[in-house]
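Colleague: Please find target_25.cif (mmCIF, C-alpha atoms) on the next line:
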data_target
loop_
_atom_site.label_atom_id
_atom_site.label_comp_id
_atom_site.auth_asym_id
_atom_site.auth_seq_id
_atom_site.Cartn_x
_atom_site.Cartn_y
_atom_site.Cartn_z
CA MET A 1430 0.00 0.00 0.00
CA GLY A 1431 1.46 3.36 -1.08
CA LEU A 1432 1.76 6.38 1.17
CA ASP A 1433 -0.91 8.33 -0.73
CA VAL A 1434 -3.41 5.49 -0.34
CA LEU A 1435 -2.61 5.16 3.36
CA LEU A 1436 -3.09 8.88 3.89
CA ASP A 1437 -6.30 8.76 1.84
CA PHE A 1438 -7.68 6.04 4.10
CA MET A 1439 -6.68 7.99 7.20
CA GLY A 1440 -8.26 11.20 5.92
CA VAL A 1441 -11.49 9.46 4.94
CA PHE A 1442 -11.74 7.69 8.29
CA VAL A 1443 -11.20 10.74 10.50
CA PHE A 1444 -13.48 12.92 8.38
CA ALA A 1445 -16.12 10.17 8.61
CA LEU A 1446 -15.65 10.26 12.37
CA SER A 1447 -16.28 14.01 12.33
CA GLY A 1448 -19.56 13.55 10.48
CA ALA A 1449 -20.66 10.71 12.74
CA LEU A 1450 -19.80 12.74 15.85
CA LEU A 1451 -21.86 15.67 14.60
CA ALA A 1452 -24.75 13.28 13.95
CA ALA A 1453 -24.40 11.91 17.49
CA ARG A 1454 -24.49 15.44 18.88
CA LYS A 1455 -27.67 16.03 16.88
CA GLY A 1456 -29.26 12.83 18.20
CA MET A 1457 -29.56 11.19 14.77
CA ASP A 1458 -30.18 7.49 14.19
CA ILE A 1459 -27.65 5.16 12.58
CA PHE A 1460 -28.83 5.98 9.05
CA GLY A 1461 -28.48 9.71 9.63
CA MET A 1462 -25.06 9.06 11.11
CA LEU A 1463 -23.97 7.14 7.99
CA VAL A 1464 -25.19 9.93 5.71
CA LEU A 1465 -23.50 12.65 7.73
CA ALA A 1466 -20.28 10.63 7.97
CA LEU A 1467 -20.20 10.10 4.20
CA MET A 1468 -20.38 13.82 3.36
CA PRO A 1469 -16.98 14.93 4.71
CA ALA A 1470 -15.37 11.55 4.01
CA VAL A 1471 -15.86 11.69 0.23
CA GLY A 1472 -17.33 15.13 -0.52
CA GLY A 1473 -14.11 17.09 -0.90
CA GLY A 1474 -12.36 14.38 -2.89
CA THR A 1475 -15.37 14.10 -5.20
CA VAL A 1476 -15.31 17.83 -5.90
CA ARG A 1477 -11.56 17.64 -6.59
CA ASP A 1478 -11.79 14.65 -8.94
CA VAL A 1479 -14.65 16.18 -10.93
CA LEU A 1480 -12.83 19.50 -11.32
CA ILE A 1481 -9.53 17.94 -12.43
CA GLY A 1482 -11.22 15.44 -14.73
CA GLN A 1483 -10.25 12.25 -12.88
CA PRO A 1484 -12.36 9.20 -11.95
CA VAL A 1485 -14.08 9.77 -8.60
CA PHE A 1486 -11.90 7.91 -6.12
CA TRP A 1487 -14.51 6.20 -3.97
CA LEU A 1488 -16.49 4.89 -6.95
CA GLU A 1489 -13.47 2.80 -7.94
CA ASP A 1490 -12.60 1.43 -4.49
CA ASN A 1491 -15.36 0.41 -2.06
CA ARG A 1492 -12.92 0.34 0.85
CA TYR A 1493 -13.56 4.06 1.31
CA LEU A 1494 -17.25 3.37 1.90
CA MET A 1495 -16.38 0.53 4.25
CA LEU A 1496 -14.19 2.89 6.29
CA THR A 1497 -17.11 5.29 6.54
CA VAL A 1498 -19.37 2.52 7.82
CA VAL A 1499 -16.75 1.42 10.37
CA ALA A 1500 -16.35 5.00 11.64
CA SER A 1501 -20.12 5.43 11.94
CA VAL A 1502 -20.63 2.16 13.80
CA ALA A 1503 -17.74 2.96 16.15
CA VAL A 1504 -19.25 6.33 17.05
CA PHE A 1505 -22.80 4.95 17.30
CA PHE A 1506 -21.82 2.34 19.87
CA GLY A 1507 -19.05 4.30 21.54
CA GLN A 1508 -20.67 7.73 21.89
CA ARG A 1509 -21.68 7.07 25.52
CA PHE A 1510 -17.98 6.91 26.41
CA ILE A 1511 -17.11 10.24 24.75
CA ASP A 1512 -16.87 13.11 27.24
CA SER A 1513 -17.05 15.96 24.72
CA ARG A 1514 -18.37 15.26 21.23
CA GLU A 1515 -17.78 18.86 20.19
CA ARG A 1516 -14.11 18.78 21.16
CA MET A 1517 -13.50 15.42 19.52
CA LEU A 1518 -15.39 16.59 16.42
CA MET A 1519 -13.14 19.64 16.12
CA TRP A 1520 -9.95 17.58 16.35
CA ALA A 1521 -11.18 14.86 13.98
CA ASP A 1522 -12.09 17.58 11.51
CA ALA A 1523 -8.68 19.23 12.00
CA ILE A 1524 -6.85 15.99 11.19
CA GLY A 1525 -9.05 15.36 8.15
CA LEU A 1526 -8.50 18.91 6.94
CA SER A 1527 -4.72 18.59 7.31
CA VAL A 1528 -4.55 15.28 5.44
CA PHE A 1529 -6.95 16.18 2.65
CA CYS A 1530 -5.40 19.56 1.81
CA VAL A 1531 -2.11 17.77 1.12
CA LEU A 1532 -3.72 14.89 -0.79
CA GLY A 1533 -5.74 17.28 -2.92
CA ALA A 1534 -2.63 19.26 -3.84
CA SER A 1535 -0.66 16.05 -4.46
CA LYS A 1536 -3.20 14.50 -6.82
CA SER A 1537 -3.61 17.76 -8.72
CA LEU A 1538 0.14 18.15 -9.19
CA ALA A 1539 0.38 14.52 -10.32
CA VAL A 1540 -2.09 15.08 -13.18
CA GLY A 1541 -0.25 18.18 -14.42
CA MET A 1542 -2.14 21.03 -12.76
CA SER A 1543 -0.25 24.26 -12.18
CA VAL A 1544 1.18 25.16 -8.78
CA SER A 1545 -1.56 27.68 -8.00
CA ALA A 1546 -4.33 25.37 -9.22
CA SER A 1547 -2.94 22.53 -7.11
CA VAL A 1548 -3.02 24.71 -4.01
CA VAL A 1549 -6.62 25.70 -4.73
CA MET A 1550 -7.57 22.05 -5.27
CA GLY A 1551 -5.91 21.16 -1.99
CA ILE A 1552 -8.00 23.73 -0.15
CA ALA A 1553 -11.19 22.62 -1.93
CA THR A 1554 -10.53 18.97 -1.08
CA ALA A 1555 -10.05 19.89 2.57
CA VAL A 1556 -13.05 22.15 3.14
CA ALA A 1557 -15.80 21.12 0.67
CA GLY A 1558 -16.86 17.94 2.46
CA GLY A 1559 -17.06 19.67 5.83
CA ILE A 1560 -19.20 22.43 4.34
CA ILE A 1561 -21.64 19.85 2.93
CA ARG A 1562 -21.73 18.04 6.29
CA ASP A 1563 -22.48 21.19 8.26
CA VAL A 1564 -25.10 22.50 5.85
CA ILE A 1565 -27.01 19.19 5.95
CA ALA A 1566 -26.82 19.23 9.76
CA ASN A 1567 -28.01 22.86 9.86
CA GLU A 1568 -24.72 24.04 11.37
CA VAL A 1569 -22.61 27.08 10.53
CA PRO A 1570 -19.66 25.61 8.56
CA TYR A 1571 -16.28 25.87 10.29
CA ILE A 1572 -14.96 27.87 7.34
CA LEU A 1573 -17.47 30.64 8.13
CA ARG A 1574 -16.68 30.79 11.85
CA LYS A 1575 -14.07 32.99 13.47
CA GLU A 1576 -11.45 30.32 14.07
CA ILE A 1577 -8.58 29.79 11.66
CA TYR A 1578 -9.73 27.08 9.24
CA ALA A 1579 -9.21 27.61 5.52
CA THR A 1580 -5.92 29.32 6.40
CA ALA A 1581 -4.66 26.01 7.79
CA ALA A 1582 -5.59 24.26 4.53
CA LEU A 1583 -3.79 27.00 2.59
CA VAL A 1584 -0.66 26.53 4.71
CA GLY A 1585 -0.74 22.76 4.25
CA ALA A 1586 -1.38 22.78 0.50
CA THR A 1587 1.18 25.51 -0.18
CA SER A 1588 3.80 23.84 2.02
CA TYR A 1589 3.35 20.54 0.23
CA VAL A 1590 3.58 22.03 -3.28
CA LEU A 1591 6.72 24.02 -2.45
CA LEU A 1592 8.41 21.14 -0.65
CA GLU A 1593 7.59 18.79 -3.50
CA LEU A 1594 9.00 21.21 -6.06
CA TRP A 1595 12.17 21.54 -3.99
CA GLY A 1596 12.49 17.76 -3.79
CA VAL A 1597 12.21 17.58 0.00
CA SER A 1598 11.66 14.06 1.29
CA SER A 1599 8.62 13.41 3.52
CA ALA A 1600 6.95 16.50 2.04
CA GLU A 1601 3.50 15.03 2.78
CA TRP A 1602 4.12 14.54 6.50
CA ILE A 1603 5.77 17.95 6.93
CA ALA A 1604 2.88 19.71 5.20
CA ILE A 1605 0.28 17.75 7.18
CA PHE A 1606 2.04 18.70 10.41
CA ALA A 1607 2.16 22.36 9.34
CA ALA A 1608 -1.57 22.45 8.59
CA LEU A 1609 -2.49 20.61 11.78
CA THR A 1610 -0.31 22.93 13.85
CA VAL A 1611 -2.01 26.03 12.45
CA ARG A 1612 -5.49 24.57 12.89
CA GLY A 1613 -4.64 23.19 16.33
CA LEU A 1614 -3.41 26.57 17.56
CA GLY A 1615 -6.65 28.07 16.31
CA ILE A 1616 -8.64 25.51 18.31
CA VAL A 1617 -6.61 25.76 21.50
CA TYR A 1618 -6.17 29.52 21.60
CA GLY A 1619 -9.23 30.62 19.64
CA TRP A 1620 -7.11 32.47 17.09
CA SER A 1621 -8.87 34.05 14.16
CA LEU A 1622 -8.04 36.27 11.23
CA PRO A 1623 -8.53 40.02 11.79
CA LYS A 1624 -11.94 41.44 10.91
CA SER A 1625 -12.43 44.63 8.93
CA ARG A 1626 -12.33 47.87 10.91
CA ASP A 1627 -15.63 48.99 9.39
CA TYR A 1628 -17.34 45.86 10.75
CA GLU A 1629 -15.87 46.39 14.22
CA SER A 1630 -16.85 50.07 14.29
CA VAL A 1631 -20.44 49.24 13.27
CA ASN A 1632 -20.63 46.63 16.06
CA ARG A 1633 -19.33 49.11 18.62
CA GLY A 1634 -21.87 51.68 17.48
CA THR A 1635 -24.79 49.30 17.99
CA GLN A 1636 -23.79 48.23 21.51
#
Please lay out the structure from this file as structure tokens.
Modeller:
Amino acid sequence: MGLDVLLDFMGVFVFALSGALLAARKGMDIFGMLVLALMPAVGGGTVRDVLIGQPVFWLEDNRYLMLTVVASVAVFFGQRFIDSRERMLMWADAIGLSVFCVLGASKSLAVGMSVSASVVMGIATAVAGGIIRDVIANEVPYILRKEIYATAALVGATSYVLLELWGVSSAEWIAIFAALTVRGLGIVYGWSLPKSRDYESVNRGTQ
């Protein structure tokens, strides 16, 4: 099994966990959990493959669907032992984001996309599935909240592309670590990008 496939499996599994955890928090049944787990697990990769003109990855290998089922069943029967579903959801999503931004950039580079397009595809792969998951669950997507989110995907995808072009070994792991560090700091410390001054002044004026 190649490194890309291993990382793909890992990303699908943890993103499936994030969807299943959100479903558990919403009190959904096992079917709802499977649906919500599937969205982040394959959504971003599907968008990427369609845009770059490649066969959709999970339609050619049913192991991705099996991983989604395993993640859903694990959460369904193990949710009573989870102290904080929200916290675990955030970290599962962070790991999925970090893995998928690198995989999206890697696959795009491999099929001849430009550097900038590969970075964009990396970000799209990382965030699209989570957006679909949150919209279906009637949640505000992480990408629209204050915390650093898409920025972490940008750091990961850009790091991978540059490291790959420079011929650095273990570029995938370094880029994943970079993205996870940025997202993790956002989670732990509540960091966010600065808002516009006009928005802040309007808010102050209405208080």
Colleague: Got a sec to resolve the PyMOL selection byres ((chain A and resi 1617) around 12) on this structure and send the residues as a list of chain:residue names?
Modeller: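 Here the PyMOL selection byres ((chain A and resi 1617) around 12) matches A:Arg1516, A:Met1519, A:Trp1520, A:Ala1523, A:Glu1576, A:Ile1577, A:Leu1609, A:Thr1610, A:Val1611, A:Arg1612, A:Gly1613, A:Leu1614, A:Gly1615, A:Ile1616, A:Tyr1618, A:Gly1619, A:Trp1620, A:Ser1621.
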Colleague: Take the point (-8.2, 12.7, -16.8) as written in the file and pick out every residue within 12 Å of it, counting only C-alpha atoms; give the list as JSON, numbers by chain.
Modeller: {"A": [1477, 1478, 1479, 1480, 1481, 1482, 1483, 1484, 1485, 1536, 1537, 1539, 1540, 1541, 1542]}
Colleague: Please indicate the distance in Å from CA of Leu1446 in chain A to CA of Asp1433 in chain A, rounded to one decimal place.
Modeller: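 Spanning CA of Leu1446 in chain A to CA of Asp1433 in chain A is a straight-line distance of 19.8 Å.
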Colleague: Determine the nearest neighbour of Ser1527 in chain A from the options A:Thr1475, A:Thr1497, A:Ser1545, A:Thr1554, counting all atoms listed in the file.
Modeller: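 Result for the nearest residue to Ser1527 in chain A: A:Thr1554.
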Colleague: Rank A:Ser1447, A:Asn1567, A:Asn1491, A:Ser1543 by their smallest atom-to-atom distance to Leu1594 in chain A, using only C-alpha atoms, and report the top residue only.
Modeller: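 Going through A:Ser1447, A:Asn1567, A:Asn1491, A:Ser1543 one by one, the smallest distance to Leu1594 in chain A is for A:Ser1543.
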Colleague: Restricting the calculation to all atoms listed in the file, which member of A:Phe1486, A:Phe1442, A:Trp1602, A:Phe1460 is positioned closest to Ala1500 in chain A?
Modeller: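 Result for the nearest residue to Ala1500 in chain A: A:Phe1442.
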Colleague: From the list A:Leu1488, A:Ala1466, A:Leu1450, A:Ala1581, which residue is nearest Ile1524 in chain A when using all atoms listed in the file?
Modeller: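 With all atoms listed in the file as the atom set, the closest residue is A:Ala1581.
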Colleague: What does the distance between CA of Thr1587 in chain A and CA of Val1548 in chain A come to in Å, to one decimal place?
Modeller: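 Going from CA of Thr1587 in chain A over to CA of Val1548 in chain A, I get 5.7 Å.
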Colleague: Assuming the chain letters and numbering stay as they are in my file, what does the PyMOL selection byres ((chain A and resi 1601) around 10) actually select? List them as a list in words.
Modeller: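 Here the PyMOL selection byres ((chain A and resi 1601) around 10) matches Leu1432, Asp1433, Leu1436, Val1528, Val1531, Leu1532, Ala1534, Ser1535, Gly1585, Ala1586, Ser1588, Tyr1589, Val1590, Leu1592, Glu1593, Val1597, Ser1598, Ser1599, Ala1600, Trp1602, Ile1603, Ala1604, Ile1605, Phe1606 and Ala1607 of chain A.
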Colleague: List the neighbours of Arg1514 in chain A out to 8 Å using all atoms listed in the file; skip same-chain residues closer than 5 positions along the sequence, and give me the result as a PyMOL selection string.
Modeller: chain A and resi 1450-1451+1453-1454+1508
Colleague: Applying 6 Å and only C-alpha atoms, which residues near range 1560-1564 of chain A remain after dropping the ones on its own chain fewer than 6 positions away? List them as a list in words.
Modeller: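 In the requested format, the answer is Leu1465, Met1468, Pro1469 and Pro1570 of chain A.
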